[in-house]
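Written out below as C-alpha cells is the structure these notes cover.
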Amino acid sequence: MTPMNDEQLLRYSRQIMLPSMDFEGQQRLLDGHALIIGLGGLGSPVAMYLAAAGVGHLTLADFDTVDLSNLQRQIVHGNDDIGRLKVESAADSLRALNPDTQVDTLPQRLEGEVLQQAVRAADIVLDASDNFTTRFAINAACVAEKTPLISGAAVGLDGQVTVFSNDADSPCYRCLYDDTPDNGTEGSWANCSASGVLAPLVGVIGSMQALEAIKLLAGIGKPLTGRLLILDAAHLEWREMRYHRDAHCPVCATAA
C-alpha cells in the first residue's frame with residue numbers, strides 16, 4: 001500500500017469528502033484490482049468510471065476489434081480506433097484519463113483456466129459481455145474463486161443490473177437464470193447486434209455497474225446482492241426483483 005500523494009489527494013478530493021468514503025475508502029480503491037470482461041457498450045462506462053474514480057489496477061478482457069457500428073454507444077473508443085483491438089483502444093483512453101491506474105489487457109476470449117486465473121487475480125469482476133455462454137462461464141469461475149461479480153445487461157430499451165457477492169449464503173447468476181436451451185432467456189435478452197440498443201441505456205447500466213464495484217471495493221453502502229434492478233427506459237421506470245439462493249443450484253450449491 002502506497003499512501004496517496006498531494007496530486008492524488010486533489011484528484012480524488014470530491015470522493016474523499018464523502019464521510020462514508022474518506023481517506024480509507026479511497027485508499028482501498030487505489031489498492032483494488034477489477035477485471036472487466038467486455039469493452040463494448042457496458043464495458044466502456046464501467047472502465048472509464050473505475051479509472052476516473054481511482055481504482056488502482058484494471059484488467060481489460062475482450063477479443064474483438066472496434067467497428068464503425070460500435071461508436072454509437074461504446075464511448076471509450078473513437079473514430080481513429082476503428083480496426084484496433086478494443087482492449088488496446090480502451091487502455092489508451094484510460095491511461096489518458098488517469099495515469100495513476102495500471103491497465104493490463106487480455107486480447108482474447110476468456111475461457112477455461114485462462115478465465116479462472118484472471119478471476120483469481122482480481123478483487124472484483126464486472127461482466128460486460130453480450131452472450132449467455134460467456135456469462136455462465138464467468139459466473140462459475142467467480143463462484144469457484146469466491147470473487148464478487150457485478151452483472152449488467154442492456155438491449156433495446158431495457159436494462160438490468162445486479163451483484164453476486166459469492167459469499168457463503170448469497171445467490172449466483174445460475175440461481176437467477178436457467179441455462180437450459182429452452183428457458184427463453186436467450187430470446188428475452190438477445191445481444192445488441194441482433195436487436196439494437198439505445199445509446200444512453202448502456203451508459204446508465206454500465207455506470208451503475210461501476211457504482212456497485214466502487215461500493216464493494218471501498219466498503220461503503222449496501223450492494224445489490226439478491227436484488228435485480230430492471231429499467232424500462234421507454235417509460236423511465238425502475239423495478240426491483242428480489243431473488244434468493246437456489247438450494248439445488250448446480251453451480252453455487254455444489255461449491256458451498
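Identifiers for the C-alpha cells are assigned positionally: chains receive A, B, ... in sequence, residues are indexed from 1 per chain, and ligands are indexed from 1 in the order shown.
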
All alpha helix (DSSP H) residues (DSSP, backbone) inside region 25-255 of chain A, as a PyMOL selection string: chain A and resi 25-30+43-53+86-97+112-121+132-145+173-176+185-188+192-195+199-218+252-255

Spatial neighbours of Arg242 (chain A), 7 Å, only C-alpha atoms, chain gap at least 6 places, as an MDAnalysis selection string: chainID A and resid 226:228

Exercise: region 48-60 of chain A partners within 7 Å, only C-alpha atoms, chain neighbours under 5 positions left out, as a list in words: Leu29, Leu30, Asp31, Gly32, His33, Ala34, Leu35, Ile36, Ile37, Val87, Leu94, Leu97, Asn98, Asp100, Thr101, Gln102, Val103, Asp104, Thr105, Leu106 and Ala210 of chain A

Keeping only N, CA and C atoms, write those residues as a PDB file, in the first residue's frame.
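Final output, saved to result-v7.pdb:
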```pdb
ATOM      1  N   LEU A  29      -9.723   1.777  -2.866  1.00  0.00           N
ATOM      2  CA  LEU A  29      -9.891   1.816  -4.323  1.00  0.00           C
ATOM      3  C   LEU A  29      -8.533   1.762  -5.021  1.00  0.00           C
ATOM      4  N   LEU A  30      -7.595   2.565  -4.546  1.00  0.00           N
ATOM      5  CA  LEU A  30      -6.274   2.599  -5.154  1.00  0.00           C
ATOM      6  C   LEU A  30      -5.569   1.253  -5.059  1.00  0.00           C
ATOM      7  N   ASP A  31      -5.867   0.499  -4.015  1.00  0.00           N
ATOM      8  CA  ASP A  31      -5.256  -0.817  -3.830  1.00  0.00           C
ATOM      9  C   ASP A  31      -6.032  -1.928  -4.526  1.00  0.00           C
ATOM     10  N   GLY A  32      -7.182  -1.587  -5.134  1.00  0.00           N
ATOM     11  CA  GLY A  32      -8.075  -2.596  -5.690  1.00  0.00           C
ATOM     12  C   GLY A  32      -7.723  -2.997  -7.117  1.00  0.00           C
ATOM     13  N   HIS A  33      -8.210  -4.179  -7.487  1.00  0.00           N
ATOM     14  CA  HIS A  33      -7.971  -4.745  -8.830  1.00  0.00           C
ATOM     15  C   HIS A  33      -9.299  -5.252  -9.379  1.00  0.00           C
ATOM     16  N   ALA A  34      -9.745  -4.660 -10.480  1.00  0.00           N
ATOM     17  CA  ALA A  34     -11.007  -5.053 -11.108  1.00  0.00           C
ATOM     18  C   ALA A  34     -10.745  -5.655 -12.481  1.00  0.00           C
ATOM     19  N   LEU A  35     -11.423  -6.763 -12.756  1.00  0.00           N
ATOM     20  CA  LEU A  35     -11.389  -7.404 -14.070  1.00  0.00           C
ATOM     21  C   LEU A  35     -12.665  -7.033 -14.810  1.00  0.00           C
ATOM     22  N   ILE A  36     -12.531  -6.404 -15.975  1.00  0.00           N
ATOM     23  CA  ILE A  36     -13.676  -6.008 -16.797  1.00  0.00           C
ATOM     24  C   ILE A  36     -13.692  -6.879 -18.036  1.00  0.00           C
ATOM     25  N   ILE A  37     -14.751  -7.661 -18.198  1.00  0.00           N
ATOM     26  CA  ILE A  37     -14.858  -8.577 -19.330  1.00  0.00           C
ATOM     27  C   ILE A  37     -15.855  -8.001 -20.326  1.00  0.00           C
ATOM     28  N   VAL A  87      -9.380  -3.732 -26.460  1.00  0.00           N
ATOM     29  CA  VAL A  87      -8.641  -3.584 -25.199  1.00  0.00           C
ATOM     30  C   VAL A  87      -7.524  -2.555 -25.330  1.00  0.00           C
ATOM     31  N   LEU A  94      -8.035   5.097 -21.098  1.00  0.00           N
ATOM     32  CA  LEU A  94      -7.997   5.076 -19.629  1.00  0.00           C
ATOM     33  C   LEU A  94      -6.695   5.665 -19.104  1.00  0.00           C
ATOM     34  N   LEU A  97      -6.959   9.283 -19.300  1.00  0.00           N
ATOM     35  CA  LEU A  97      -7.897   9.786 -18.301  1.00  0.00           C
ATOM     36  C   LEU A  97      -7.268   9.828 -16.918  1.00  0.00           C
ATOM     37  N   ASN A  98      -6.532   8.758 -16.569  1.00  0.00           N
ATOM     38  CA  ASN A  98      -5.933   8.696 -15.233  1.00  0.00           C
ATOM     39  C   ASN A  98      -4.646   7.881 -15.264  1.00  0.00           C
ATOM     40  N   ASP A 100      -2.678   7.296 -13.007  1.00  0.00           N
ATOM     41  CA  ASP A 100      -2.495   6.541 -11.759  1.00  0.00           C
ATOM     42  C   ASP A 100      -2.871   5.073 -11.924  1.00  0.00           C
ATOM     43  N   THR A 101      -3.802   4.788 -12.817  1.00  0.00           N
ATOM     44  CA  THR A 101      -4.366   3.451 -12.921  1.00  0.00           C
ATOM     45  C   THR A 101      -3.490   2.556 -13.786  1.00  0.00           C
ATOM     46  N   GLN A 102      -3.119   1.410 -13.241  1.00  0.00           N
ATOM     47  CA  GLN A 102      -2.399   0.399 -14.025  1.00  0.00           C
ATOM     48  C   GLN A 102      -3.416  -0.346 -14.877  1.00  0.00           C
ATOM     49  N   VAL A 103      -3.199  -0.395 -16.172  1.00  0.00           N
ATOM     50  CA  VAL A 103      -4.131  -1.039 -17.088  1.00  0.00           C
ATOM     51  C   VAL A 103      -3.429  -2.191 -17.791  1.00  0.00           C
ATOM     52  N   ASP A 104      -3.938  -3.408 -17.592  1.00  0.00           N
ATOM     53  CA  ASP A 104      -3.443  -4.591 -18.286  1.00  0.00           C
ATOM     54  C   ASP A 104      -4.507  -5.060 -19.273  1.00  0.00           C
ATOM     55  N   THR A 105      -4.080  -5.707 -20.342  1.00  0.00           N
ATOM     56  CA  THR A 105      -5.022  -6.128 -21.375  1.00  0.00           C
ATOM     57  C   THR A 105      -4.921  -7.628 -21.643  1.00  0.00           C
ATOM     58  N   LEU A 106      -6.067  -8.225 -21.909  1.00  0.00           N
ATOM     59  CA  LEU A 106      -6.153  -9.624 -22.321  1.00  0.00           C
ATOM     60  C   LEU A 106      -6.932  -9.665 -23.631  1.00  0.00           C
ATOM     61  N   ALA A 210     -20.417   0.221 -12.425  1.00  0.00           N
ATOM     62  CA  ALA A 210     -19.232   0.871 -11.856  1.00  0.00           C
ATOM     63  C   ALA A 210     -19.500   1.345 -10.436  1.00  0.00           C
TER      64      ALA A 210
END
```

All strand (DSSP E or B) positions in region 60-226 of chain A, as a count of residues only: 30

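Put simply, CA of Tyr243 (chain A) is 21.6 Å away from CA of Thr134 (chain A).
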
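Considering the residues A:His244, A:Ala153, A:Ala118, A:Asp123 and counting only C-alpha atoms, Val202 (chain A) has its shortest atom-to-atom contact with A:Ala153.
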
All residues 8 Å or closer to region 127-129 of chain A, only C-alpha atoms, same chain fewer than 6 positions away omitted, as a PyMOL selection string: chain A and resi 36-43+135+138+149-153+206

What would the file look like if the residues just selected were written as a PDB file, in the first residue's frame with N, CA and C atoms?
```
ATOM      1  N   ILE A  36     -12.531  -6.404 -15.975  1.00  0.00           N
ATOM      2  CA  ILE A  36     -13.676  -6.008 -16.797  1.00  0.00           C
ATOM      3  C   ILE A  36     -13.692  -6.879 -18.036  1.00  0.00           C
ATOM      4  N   ILE A  37     -14.751  -7.661 -18.198  1.00  0.00           N
ATOM      5  CA  ILE A  37     -14.858  -8.577 -19.330  1.00  0.00           C
ATOM      6  C   ILE A  37     -15.855  -8.001 -20.326  1.00  0.00           C
ATOM      7  N   GLY A  38     -15.331  -7.535 -21.451  1.00  0.00           N
ATOM      8  CA  GLY A  38     -16.148  -6.889 -22.474  1.00  0.00           C
ATOM      9  C   GLY A  38     -15.914  -5.396 -22.475  1.00  0.00           C
ATOM     10  N   LEU A  39     -15.436  -4.843 -23.578  1.00  0.00           N
ATOM     11  CA  LEU A  39     -15.168  -3.404 -23.684  1.00  0.00           C
ATOM     12  C   LEU A  39     -16.085  -2.780 -24.738  1.00  0.00           C
ATOM     13  N   GLY A  40     -17.367  -3.165 -24.677  1.00  0.00           N
ATOM     14  CA  GLY A  40     -18.360  -2.625 -25.581  1.00  0.00           C
ATOM     15  C   GLY A  40     -19.186  -1.549 -24.921  1.00  0.00           C
ATOM     16  N   GLY A  41     -20.508  -1.600 -25.140  1.00  0.00           N
ATOM     17  CA  GLY A  41     -21.384  -0.562 -24.629  1.00  0.00           C
ATOM     18  C   GLY A  41     -21.393  -0.461 -23.126  1.00  0.00           C
ATOM     19  N   LEU A  42     -21.425  -1.590 -22.430  1.00  0.00           N
ATOM     20  CA  LEU A  42     -21.401  -1.584 -20.972  1.00  0.00           C
ATOM     21  C   LEU A  42     -19.990  -1.388 -20.431  1.00  0.00           C
ATOM     22  N   GLY A  43     -19.037  -2.089 -21.009  1.00  0.00           N
ATOM     23  CA  GLY A  43     -17.668  -2.021 -20.512  1.00  0.00           C
ATOM     24  C   GLY A  43     -17.037  -0.649 -20.652  1.00  0.00           C
ATOM     25  N   ARG A 135     -21.482 -15.412 -19.926  1.00  0.00           N
ATOM     26  CA  ARG A 135     -21.962 -15.031 -18.599  1.00  0.00           C
ATOM     27  C   ARG A 135     -21.989 -16.222 -17.642  1.00  0.00           C
ATOM     28  N   ILE A 138     -18.341 -17.033 -16.709  1.00  0.00           N
ATOM     29  CA  ILE A 138     -17.816 -16.060 -15.742  1.00  0.00           C
ATOM     30  C   ILE A 138     -18.380 -16.335 -14.352  1.00  0.00           C
ATOM     31  N   LEU A 149     -19.105 -10.527  -8.236  1.00  0.00           N
ATOM     32  CA  LEU A 149     -19.403 -10.328  -9.650  1.00  0.00           C
ATOM     33  C   LEU A 149     -20.514  -9.302  -9.794  1.00  0.00           C
ATOM     34  N   ILE A 150     -20.278  -8.278 -10.614  1.00  0.00           N
ATOM     35  CA  ILE A 150     -21.321  -7.294 -10.919  1.00  0.00           C
ATOM     36  C   ILE A 150     -21.766  -7.534 -12.355  1.00  0.00           C
ATOM     37  N   SER A 151     -23.029  -7.826 -12.521  1.00  0.00           N
ATOM     38  CA  SER A 151     -23.566  -8.208 -13.823  1.00  0.00           C
ATOM     39  C   SER A 151     -24.518  -7.147 -14.352  1.00  0.00           C
ATOM     40  N   GLY A 152     -24.368  -6.811 -15.628  1.00  0.00           N
ATOM     41  CA  GLY A 152     -25.279  -5.876 -16.268  1.00  0.00           C
ATOM     42  C   GLY A 152     -25.667  -6.380 -17.639  1.00  0.00           C
ATOM     43  N   ALA A 153     -26.820  -5.952 -18.119  1.00  0.00           N
ATOM     44  CA  ALA A 153     -27.277  -6.305 -19.461  1.00  0.00           C
ATOM     45  C   ALA A 153     -28.161  -5.179 -19.971  1.00  0.00           C
ATOM     46  N   GLY A 206     -24.094   0.570 -17.371  1.00  0.00           N
ATOM     47  CA  GLY A 206     -22.662   0.464 -17.108  1.00  0.00           C
ATOM     48  C   GLY A 206     -22.224   1.348 -15.952  1.00  0.00           C
TER      49      GLY A 206
END
```

Region 154-170 of chain A surroundings by only C-alpha atoms, 6 Å radius, close-in-sequence under 5 positions cut, as a list in words: Val143, Lys146, Pro148, Leu149, Cys192, Gly196, Val197, Val202, Leu224, Thr225, Leu228, Leu229, Ile230, Leu231, Asp232, Ala233, Ala234 and Arg245 of chain A

Non-local contacts of His248 (chain A) (12 Å; only C-alpha atoms; under 6 positions in same chain excluded) as a ChimeraX atom specification: /A:171-172,174-175,178,254-256

Let's have the selection written as a short mmCIF file (atom, residue, chain, number, x, y, z; two decimals), in the first residue's frame, with C-alpha atoms.
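Output saved as part39.cif:
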```
data_model
loop_
_atom_site.label_atom_id
_atom_site.label_comp_id
_atom_site.auth_asym_id
_atom_site.auth_seq_id
_atom_site.Cartn_x
_atom_site.Cartn_y
_atom_site.Cartn_z
CA PRO A 171 -27.18 -16.48 -4.78
CA CYS A 172 -25.25 -16.68 -8.05
CA ARG A 174 -27.23 -19.52 -12.22
CA CYS A 175 -29.72 -19.19 -9.35
CA ASP A 178 -31.55 -21.32 -16.01
CA THR A 254 -22.18 -27.71 -5.04
CA ALA A 255 -19.40 -25.17 -4.39
CA ALA A 256 -20.55 -24.41 -0.84
#
```

Among the residues A:Gln74, A:Ser69, A:Gln116, A:Asn139, the one that comes closest to Ser44 (chain A) [using only C-alpha atoms]: A:Gln74
